[in-house]
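What follows is a single structure, written as structure tokens, with notes after it.
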Amino acid sequence: MATGGITEGSLPGYAALFPTEFETVANTSTEALATAIRHITPLLGKADPMLLDFTDGQITVRAGTDDSGRGRDQVDATLDGDPLSVAFNPHLLLKTLQQVDGPVVKMNFTAPTKPVLLHAPDQADTFRGIVMPVRLHNGTTQPTP
């Protein structure tokens, strides 16, 4: 037997978490990005972030934050705004990406250290996911030289 109840009051102000203005917007294949993340994740240590480099024409998914070449994969993409590099927890990014119901995912950035908004281009009112970038040891999401 299940029981339930109605609680009076209002929901937390979650809408304020969703940014409305963006500096950079990337569009790519939902499945291709998910596949690249799945290819690179086994090359990471248990707590290592995955780095995504966004440039016009592609997203490079890298294992690790240096150029030692532990692993990388590339996905075609369009970019509106400045190129950027952002570190993510690969498992959280993949879980959010798997909720996008469409062949294309739109990734909206306000800054490399701020939450990233993901959704299908024509379904922002149906599903919008937020993923927080990982701050690296130098206090940013940018790789150290």
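In the structure tokens, the first chain shown is A, the next is B, and so on; residue numbers restart at 1 for each chain, and ligands run from 1 in the order shown.
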
Problem set entry | Contacts of Thr110 (chain A) at 10 Å (only C-alpha atoms; same-chain gap of 4+ positions) as a PyMOL selection string | chain A and resi 19-25+114-117

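Note that the spacing between CA of Asp48 (chain A) and CA of Leu33 (chain A) amounts to 18.5 Å.
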
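With distances restricted to only C-alpha atoms, A:Ile130 is the closest residue to Thr96 (chain A) from A:Ile130, A:Asp82, A:Ala77, A:Asp53.
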
Please identify which residues in region 48-94 of chain A DSSP calls strand (DSSP E or B) from the backbone, and express them as an mmCIF file with C-alpha atoms, in the first residue's frame.
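The resulting part23.cif:
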```cif
data_model
loop_
_atom_site.group_PDB
_atom_site.id
_atom_site.type_symbol
_atom_site.label_atom_id
_atom_site.label_comp_id
_atom_site.auth_asym_id
_atom_site.auth_seq_id
_atom_site.Cartn_x
_atom_site.Cartn_y
_atom_site.Cartn_z
ATOM 1 C CA MET A 50 37.691 14.342 -19.448
ATOM 2 C CA LEU A 51 38.670 17.405 -21.466
ATOM 3 C CA LEU A 52 36.625 18.630 -24.426
ATOM 4 C CA ASP A 53 38.256 21.123 -26.786
ATOM 5 C CA PHE A 54 35.645 23.041 -28.803
ATOM 6 C CA THR A 55 36.781 24.599 -32.079
ATOM 7 C CA GLY A 57 34.440 22.202 -37.091
ATOM 8 C CA GLN A 58 35.110 19.753 -34.270
ATOM 9 C CA ILE A 59 35.113 18.735 -30.638
ATOM 10 C CA THR A 60 38.210 16.875 -29.472
ATOM 11 C CA VAL A 61 37.503 14.584 -26.514
ATOM 12 C CA ARG A 62 40.708 13.929 -24.534
ATOM 13 C CA ALA A 63 41.658 11.636 -21.684
ATOM 14 C CA ARG A 72 41.644 11.361 -27.909
ATOM 15 C CA ASP A 73 38.668 11.174 -30.233
ATOM 16 C CA GLN A 74 37.108 13.805 -32.489
ATOM 17 C CA VAL A 75 33.533 14.648 -33.392
ATOM 18 C CA ASP A 76 32.312 17.029 -36.107
ATOM 19 C CA ALA A 77 30.664 20.143 -34.673
ATOM 20 C CA THR A 78 29.712 23.710 -35.400
ATOM 21 C CA LEU A 79 30.756 26.481 -33.041
ATOM 22 C CA ASP A 80 29.275 29.926 -32.622
ATOM 23 C CA LEU A 84 37.281 26.825 -25.534
ATOM 24 C CA SER A 85 38.437 23.838 -23.495
ATOM 25 C CA VAL A 86 36.255 22.493 -20.711
ATOM 26 C CA ALA A 87 36.870 19.625 -18.270
ATOM 27 C CA PHE A 88 33.958 17.371 -17.282
#
```

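Proximity ranking of A:Val105, A:Leu97, A:Ala111, A:Leu136 relative to Ala124 (chain A) places A:Val105 first, based on only C-alpha atoms.
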
Problem set entry | DSSP alpha helix (DSSP H) selection over region 60-105 of chain A, as a PyMOL selection string | chain A and resi 90-97

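Nearest residue to Gly71 (chain A) among A:Ala47, A:Ala36, A:Val104, A:Val134 is A:Ala36, counting only C-alpha atoms.
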
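Minimum distance to Lys46 (chain A) across A:Leu118, A:His91, A:Asn108, A:Val100 (counting only C-alpha atoms) occurs at A:His91.
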
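The smallest atom-to-atom distance between Gly45 (chain A) and any of A:Gly5, A:Pro103, A:Pro90, A:Gly81, using only C-alpha atoms, is found for A:Pro90.
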
Exercise. In Å, with one decimal, what is the gap from CA of Val131 (chain A) to CA of Asp101 (chain A)?
Worked result: 16.6 Å

Exercise. Which of these residues is nearest to Thr41 (chain A), using only C-alpha atoms: A:Gln98, A:Asn27, A:Asn89, A:Gln123?
Worked result: A:Asn89

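Here CA of Thr35 (chain A) stands at a distance of 25.5 Å from CA of Asp125 (chain A).
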